[in-house]
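> Coordinates in model_2.cif, mmCIF, C-alpha atoms, are listed below.
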```cif
data_query
#
loop_
_atom_site.label_atom_id
_atom_site.label_comp_id
_atom_site.auth_asym_id
_atom_site.auth_seq_id
_atom_site.Cartn_x
_atom_site.Cartn_y
_atom_site.Cartn_z
CA MET L 134 -12.23 -54.69 28.41
CA MET L 135 -8.84 -54.55 26.73
CA LEU L 136 -8.33 -52.43 23.61
CA THR L 137 -5.55 -52.90 21.10
CA ARG L 138 -4.87 -50.34 18.41
CA ARG L 139 -4.17 -51.20 14.83
CA HIS L 140 -1.77 -53.77 13.53
CA PHE L 141 -0.76 -54.64 9.98
CA THR L 142 -0.80 -58.28 8.98
CA GLY L 143 -1.24 -60.37 5.87
CA ALA L 144 -4.17 -62.34 4.45
CA SER L 145 -6.98 -63.46 6.70
CA GLY L 146 -9.65 -66.08 7.15
CA LEU L 147 -9.82 -69.78 6.60
CA LEU L 148 -11.59 -71.40 3.69
CA LEU L 149 -14.21 -73.88 4.78
CA ALA L 150 -13.69 -77.24 3.07
CA GLY L 151 -12.57 -75.59 -0.17
CA LEU L 152 -16.01 -74.07 -0.71
CA GLY L 153 -14.80 -70.49 -0.54
CA ILE L 154 -16.87 -69.81 2.58
CA ARG L 155 -14.95 -67.88 5.17
CA ARG L 156 -15.69 -68.29 8.84
CA PRO L 157 -14.58 -66.16 11.76
CA ARG L 158 -11.00 -67.06 12.56
CA ALA L 159 -10.41 -68.25 16.10
CA GLU L 160 -6.96 -68.47 17.61
CA ALA L 161 -6.42 -68.61 21.34
CA GLY L 162 -9.75 -66.97 22.10
CA VAL L 163 -9.57 -64.47 19.21
CA VAL L 164 -12.45 -64.24 16.75
CA GLU L 165 -12.01 -62.25 13.56
CA ILE L 166 -14.58 -59.97 11.92
CA ARG L 167 -13.81 -58.87 8.40
CA MET L 168 -14.51 -55.29 7.31
CA ARG L 169 -15.65 -55.66 3.72
CA SER L 170 -16.52 -53.62 0.68
CA ASP L 171 -17.33 -54.35 -2.93
CA GLU L 172 -15.09 -52.89 -5.63
CA ASP L 173 -16.87 -49.55 -5.97
CA GLY L 174 -17.60 -49.16 -2.24
CA GLY L 175 -21.37 -49.29 -2.75
CA HIS L 176 -21.84 -52.37 -0.55
CA VAL L 177 -20.01 -52.42 2.78
CA GLY L 178 -20.32 -54.52 5.90
CA PHE L 179 -18.90 -56.43 8.83
CA ASP L 180 -18.65 -60.19 8.33
CA PRO L 181 -19.99 -61.77 10.40
CA ILE L 182 -22.55 -59.12 11.33
CA GLY L 183 -23.68 -60.96 14.47
CA LEU L 184 -21.66 -63.08 16.86
CA LEU L 185 -22.11 -64.83 20.21
CA LEU L 186 -19.03 -64.67 22.47
CA GLN L 187 -18.03 -65.88 25.89
CA PRO L 188 -16.73 -63.40 28.46
CA GLY L 189 -12.98 -62.95 28.01
CA GLN L 190 -12.96 -63.51 24.25
CA THR L 191 -11.21 -61.08 21.95
CA VAL L 192 -12.62 -59.76 18.68
CA ARG L 193 -10.19 -58.65 16.00
CA TRP L 194 -11.61 -56.50 13.22
CA ARG L 195 -9.62 -56.74 9.98
CA CYS L 196 -10.03 -54.21 7.19
CA GLU L 197 -10.00 -56.02 3.86
CA ALA L 198 -10.98 -53.23 1.48
CA ASN L 199 -11.84 -49.53 1.46
CA TYR L 200 -11.43 -47.77 4.84
CA HIS L 201 -13.46 -48.45 7.97
CA THR L 202 -13.74 -47.98 11.72
CA THR L 203 -15.23 -50.06 14.50
CA THR L 204 -16.97 -47.81 17.00
CA ALA L 205 -19.24 -48.71 19.91
CA TYR L 206 -22.65 -47.09 20.13
CA HIS L 207 -21.95 -45.01 23.23
CA PRO L 208 -22.43 -41.34 24.23
CA ALA L 209 -18.63 -40.95 24.48
CA ASN L 210 -18.45 -41.67 20.74
CA GLY L 211 -20.04 -38.63 19.16
CA GLY L 212 -23.09 -38.51 21.42
CA ARG L 213 -24.53 -41.77 20.12
CA SER L 214 -27.13 -43.59 22.20
CA LEU L 215 -25.94 -46.23 24.65
CA ARG L 216 -26.12 -49.69 23.01
CA ILE L 217 -23.44 -51.51 25.07
CA PRO L 218 -23.63 -52.69 28.70
CA ARG L 219 -23.52 -49.94 31.31
CA GLY L 220 -20.05 -49.84 32.76
CA ALA L 221 -18.44 -51.47 29.72
CA ARG L 222 -15.64 -49.44 28.21
CA PRO L 223 -16.56 -47.99 24.80
CA TRP L 224 -14.13 -48.39 21.92
CA ALA L 225 -13.44 -46.42 18.75
CA SER L 226 -10.71 -47.41 16.34
CA ASP L 227 -8.86 -45.03 14.13
CA VAL L 228 -9.64 -45.32 10.43
CA LEU L 229 -8.32 -48.71 9.34
CA LEU L 230 -6.91 -49.30 5.86
CA PRO L 231 -6.67 -52.68 4.09
CA GLY L 232 -4.57 -55.11 6.13
CA GLU L 233 -4.88 -53.17 9.39
CA THR L 234 -6.61 -54.57 12.48
CA PHE L 235 -8.09 -53.43 15.78
CA GLN L 236 -9.07 -55.67 18.67
CA VAL L 237 -11.06 -55.57 21.88
CA THR L 238 -11.35 -58.17 24.66
CA PHE L 239 -14.90 -58.34 26.05
CA THR L 240 -15.44 -59.18 29.72
CA ALA L 241 -18.83 -57.66 30.65
CA GLU L 242 -21.88 -59.70 29.64
CA GLY L 243 -24.45 -58.11 27.40
CA VAL L 244 -25.28 -56.90 23.91
CA TYR L 245 -22.80 -54.64 22.12
CA ASP L 246 -23.92 -52.75 19.02
CA TYR L 247 -21.25 -51.03 16.95
CA LEU L 248 -20.79 -49.20 13.66
CA CYS L 249 -18.36 -48.05 11.01
CA GLU L 250 -18.37 -44.25 11.27
CA PRO L 251 -17.95 -43.49 7.55
CA HIS L 252 -20.53 -46.13 6.56
CA GLU L 253 -23.18 -46.16 9.30
CA GLN L 254 -25.81 -44.64 6.99
CA ALA L 255 -25.10 -47.48 4.53
CA GLY L 256 -25.96 -49.99 7.27
CA MET L 257 -22.41 -51.01 8.21
CA VAL L 258 -23.19 -52.08 11.77
CA GLY L 259 -22.67 -55.19 13.85
CA ARG L 260 -23.91 -56.81 17.03
CA LEU L 261 -22.02 -58.91 19.56
CA ILE L 262 -23.55 -60.79 22.47
CA VAL L 263 -21.17 -61.62 25.29
CA GLY L 264 -22.65 -64.37 27.47
CA LYS L 265 -26.23 -63.34 28.20
CA PRO L 266 -28.17 -60.83 26.07
CA THR L 267 -28.68 -58.05 28.62
CA GLY L 268 -28.19 -54.29 28.88
CA PRO L 269 -29.18 -51.33 26.71
CA GLY L 270 -28.33 -53.16 23.46
CA SER L 271 -31.00 -55.74 24.26
CA MET L 272 -33.71 -53.09 24.65
CA PRO L 273 -35.70 -51.21 21.98
CA PHE L 274 -33.70 -48.57 20.11
CA ASP L 275 -35.62 -45.72 21.76
CA TRP L 276 -35.41 -47.08 25.33
CA PHE L 277 -33.67 -43.89 26.53
CA LYS L 278 -36.30 -41.37 25.34
CA GLY L 279 -37.44 -39.01 28.10
CA SER L 280 -34.41 -39.60 30.32
CA ALA L 281 -32.52 -36.49 31.45
CA GLU L 282 -29.13 -38.18 30.94
CA SER L 283 -29.91 -38.92 27.31
CA SER L 284 -31.51 -35.69 26.10
CA ASP L 285 -28.72 -35.09 23.57
CA TRP L 286 -28.05 -38.69 22.48
CA LEU L 287 -28.30 -39.46 18.78
CA GLU L 288 -30.65 -42.19 17.70
CA VAL L 289 -29.46 -45.18 15.69
CA PRO L 290 -30.38 -44.34 12.06
CA PRO L 291 -33.16 -46.42 10.46
CA GLY L 292 -30.80 -48.06 7.93
CA ALA L 293 -28.51 -49.18 10.72
CA ARG L 294 -31.43 -50.45 12.83
CA SER L 295 -32.76 -52.59 10.01
CA ALA L 296 -29.30 -54.02 9.22
CA LEU L 297 -28.61 -55.37 12.72
CA PRO L 298 -29.43 -59.06 13.25
CA SER L 299 -31.89 -59.82 16.03
CA VAL L 300 -30.69 -60.95 19.44
CA ALA L 301 -32.75 -64.13 18.99
CA ASP L 302 -31.07 -64.91 15.65
CA ILE L 303 -27.58 -64.52 17.16
CA MET L 304 -28.48 -66.65 20.19
CA ASP L 305 -29.87 -69.35 17.90
CA ARG L 306 -27.22 -69.36 15.17
CA LYS L 307 -24.14 -68.20 17.20
CA VAL L 308 -22.65 -66.64 14.03
CA VAL L 309 -24.69 -64.53 11.61
CA PRO L 310 -22.75 -64.00 8.37
CA ALA L 311 -23.07 -60.85 6.28
CA MET L 312 -25.22 -61.14 3.18
CA GLY L 313 -24.17 -60.29 -0.33
CA PHE L 314 -20.40 -60.72 -0.24
#
```
Step by step, read the file and then write its structure as structure tokens.


Amino acid sequence: MMLTRRHFTGASGLLLAGLGIRRPRAEAGVVEIRMRSDEDGGHVGFDPIGLLLQPGQTVRWRCEANYHTTTAYHPANGGRSLRIPRGARPWASDVLLPGETFQVTFTAEGVYDYLCEPHEQAGMVGRLIVGKPTGPGSMPFDWFKGSAESSDWLEVPPGARSALPSVADIMDRKVVPAMGF
């Protein structure tokens, strides 16, 4: 997995047939996920919230409003439970401000759940599936209970759990857009 720290660039996204619907931007294997917020910061989210990728694809998160992070659910990131493939390198961006980006290239197959640290309790989470839906992210949220290695892992909060799209929905639709933006 290749990590790239933040970059500052201009406007993002492509408008679909003039309808004002933005789709993930793909350029040379790069897919873009927008980090969104309404004006008062009461509604935040990743858009799309669910995405099917092929091994070797790169995801670029772009902060459009407010401030956000993209952080893998992984014990190395604040003791969170493992929700990415075993052996995959966890990522955690710095706080991104509007116009800044962070990107990761995904090579290991499996389900990757991630969050925005300041907004996890508000349900700002996302799910990526690289190739086949395998690994800890494909299992129930409490799969690790009773294991000695995970005795101090933090559970995924209920609001975050309910916000994540299902693996089946991502496999069926390929792209699951955020609602309400």

> Compile the contact shell of Pro181 (chain L) as a ChimeraX atom specification: residues with an atom at most 12 Å away, counting all atoms listed in the file, same-chain residues fewer than 5 positions apart removed.

/L:146,154-158,164-169,192-195,257-261,297-298,303,306-314

> Just the residues within 12 Å of Asp246 (chain L), please, counting all atoms listed in the file, with nothing from its chain fewer than 5 positions along; format it as a ChimeraX atom specification.

/L:179,182-184,203-207,213-218,223-224,253,257-263,266-272,274,289,293-294,296-300

> Could you dump the residues just selected with C-alpha atoms as an mmCIF file, in the coordinates of the input?


```
data_model
loop_
_atom_site.group_PDB
_atom_site.id
_atom_site.type_symbol
_atom_site.label_atom_id
_atom_site.label_comp_id
_atom_site.auth_asym_id
_atom_site.auth_seq_id
_atom_site.Cartn_x
_atom_site.Cartn_y
_atom_site.Cartn_z
ATOM 1 C CA PHE L 179 -18.900 -56.430 8.830
ATOM 2 C CA ILE L 182 -22.550 -59.120 11.330
ATOM 3 C CA GLY L 183 -23.680 -60.960 14.470
ATOM 4 C CA LEU L 184 -21.660 -63.080 16.860
ATOM 5 C CA THR L 203 -15.230 -50.060 14.500
ATOM 6 C CA THR L 204 -16.970 -47.810 17.000
ATOM 7 C CA ALA L 205 -19.240 -48.710 19.910
ATOM 8 C CA TYR L 206 -22.650 -47.090 20.130
ATOM 9 C CA HIS L 207 -21.950 -45.010 23.230
ATOM 10 C CA ARG L 213 -24.530 -41.770 20.120
ATOM 11 C CA SER L 214 -27.130 -43.590 22.200
ATOM 12 C CA LEU L 215 -25.940 -46.230 24.650
ATOM 13 C CA ARG L 216 -26.120 -49.690 23.010
ATOM 14 C CA ILE L 217 -23.440 -51.510 25.070
ATOM 15 C CA PRO L 218 -23.630 -52.690 28.700
ATOM 16 C CA PRO L 223 -16.560 -47.990 24.800
ATOM 17 C CA TRP L 224 -14.130 -48.390 21.920
ATOM 18 C CA GLU L 253 -23.180 -46.160 9.300
ATOM 19 C CA MET L 257 -22.410 -51.010 8.210
ATOM 20 C CA VAL L 258 -23.190 -52.080 11.770
ATOM 21 C CA GLY L 259 -22.670 -55.190 13.850
ATOM 22 C CA ARG L 260 -23.910 -56.810 17.030
ATOM 23 C CA LEU L 261 -22.020 -58.910 19.560
ATOM 24 C CA ILE L 262 -23.550 -60.790 22.470
ATOM 25 C CA VAL L 263 -21.170 -61.620 25.290
ATOM 26 C CA PRO L 266 -28.170 -60.830 26.070
ATOM 27 C CA THR L 267 -28.680 -58.050 28.620
ATOM 28 C CA GLY L 268 -28.190 -54.290 28.880
ATOM 29 C CA PRO L 269 -29.180 -51.330 26.710
ATOM 30 C CA GLY L 270 -28.330 -53.160 23.460
ATOM 31 C CA SER L 271 -31.000 -55.740 24.260
ATOM 32 C CA MET L 272 -33.710 -53.090 24.650
ATOM 33 C CA PHE L 274 -33.700 -48.570 20.110
ATOM 34 C CA VAL L 289 -29.460 -45.180 15.690
ATOM 35 C CA ALA L 293 -28.510 -49.180 10.720
ATOM 36 C CA ARG L 294 -31.430 -50.450 12.830
ATOM 37 C CA ALA L 296 -29.300 -54.020 9.220
ATOM 38 C CA LEU L 297 -28.610 -55.370 12.720
ATOM 39 C CA PRO L 298 -29.430 -59.060 13.250
ATOM 40 C CA SER L 299 -31.890 -59.820 16.030
ATOM 41 C CA VAL L 300 -30.690 -60.950 19.440
#
```

> I'd like the contact shell of Thr202 (chain L) - 7 Å cut-off, only C-alpha atoms, skipping same-chain residues fewer than 3 positions apart - returned as a ChimeraX atom specification.

/L:226-229,249-250

> With C-alpha atoms kept, could you save the residues just selected as a tab-separated table (two decimals), in the frame of the given file?


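Result written to out15.tsv:
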```tsv
chain	number	residue	atom	x	y	z
L	226	SER	CA	-10.71	-47.41	16.34
L	227	ASP	CA	-8.86	-45.03	14.13
L	228	VAL	CA	-9.64	-45.32	10.43
L	229	LEU	CA	-8.32	-48.71	9.34
L	249	CYS	CA	-18.36	-48.05	11.01
L	250	GLU	CA	-18.37	-44.25	11.27
```

> Separation of CA of Pro273 (chain L) and CA of Pro251 (chain L), in Å?

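Interatomic distance here is 24.1 Å.
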
> Given all atoms listed in the file as the basis, pick out the residue of L:Leu230, L:Ala241, L:Gly264, L:Arg219 nearest to Met304 (chain L).

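Looking at the shortest contact to Met304 (chain L), the residue is L:Gly264.
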
> Run through the PyMOL selection byres ((chain L and resi 170-173) around 8) on the given coordinates and return the selected residues as JSON, numbers by chain.

{"L": [168, 169, 174, 175, 176, 177, 178, 197, 198, 199, 314]}

> Rounded to one decimal place, report the CA of Val244 (chain L)-CA of Phe277 (chain L) distance in Å.

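If I compute the distance from CA of Val244 (chain L) to CA of Phe277 (chain L), I get 15.7 Å.
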
> What separation in Å, quoted to one decimal, exists between CA of Asp275 (chain L) and CA of Pro188 (chain L)?

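Going from CA of Asp275 (chain L) over to CA of Pro188 (chain L), I get 26.7 Å.
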
> Which centre and which edge lengths, in Å to one decimal, describe the axis-aligned box that holds all listed atoms of region 189-196 of chain L after 4 Å is added on each side, as AutoDock Vina command-line options?


```
--center_x -11.3 --center_y -58.9 --center_z 17.6 --size_x 11.4 --size_y 17.3 --size_z 28.8
```

> I need the residue nearest Gln236 (chain L) from this list: L:Gly212, L:Gly162, L:Pro291, L:Ser284. Use only C-alpha atoms for the distance.

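The shortest atom-to-atom distance to Gln236 (chain L) comes from L:Gly162.
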
> Of the candidates L:Glu282, L:Asp305, L:Glu242, L:Glu288, which one gets nearest to Lys265 (chain L) if we count only C-alpha atoms?

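The closest residue to Lys265 (chain L) is L:Glu242.
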
> Could you check which of L:Cys196, L:Leu185, L:Ala281, L:Ser295 is closest to Phe235 (chain L), using all atoms listed in the file?

L:Cys196

> Using all atoms listed in the file, find the one residue out of L:Pro290, L:Gly189, L:Gly232, L:Pro208 that sits nearest to Gln254 (chain L).

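Of all the options, L:Pro290 lies closest to Gln254 (chain L).
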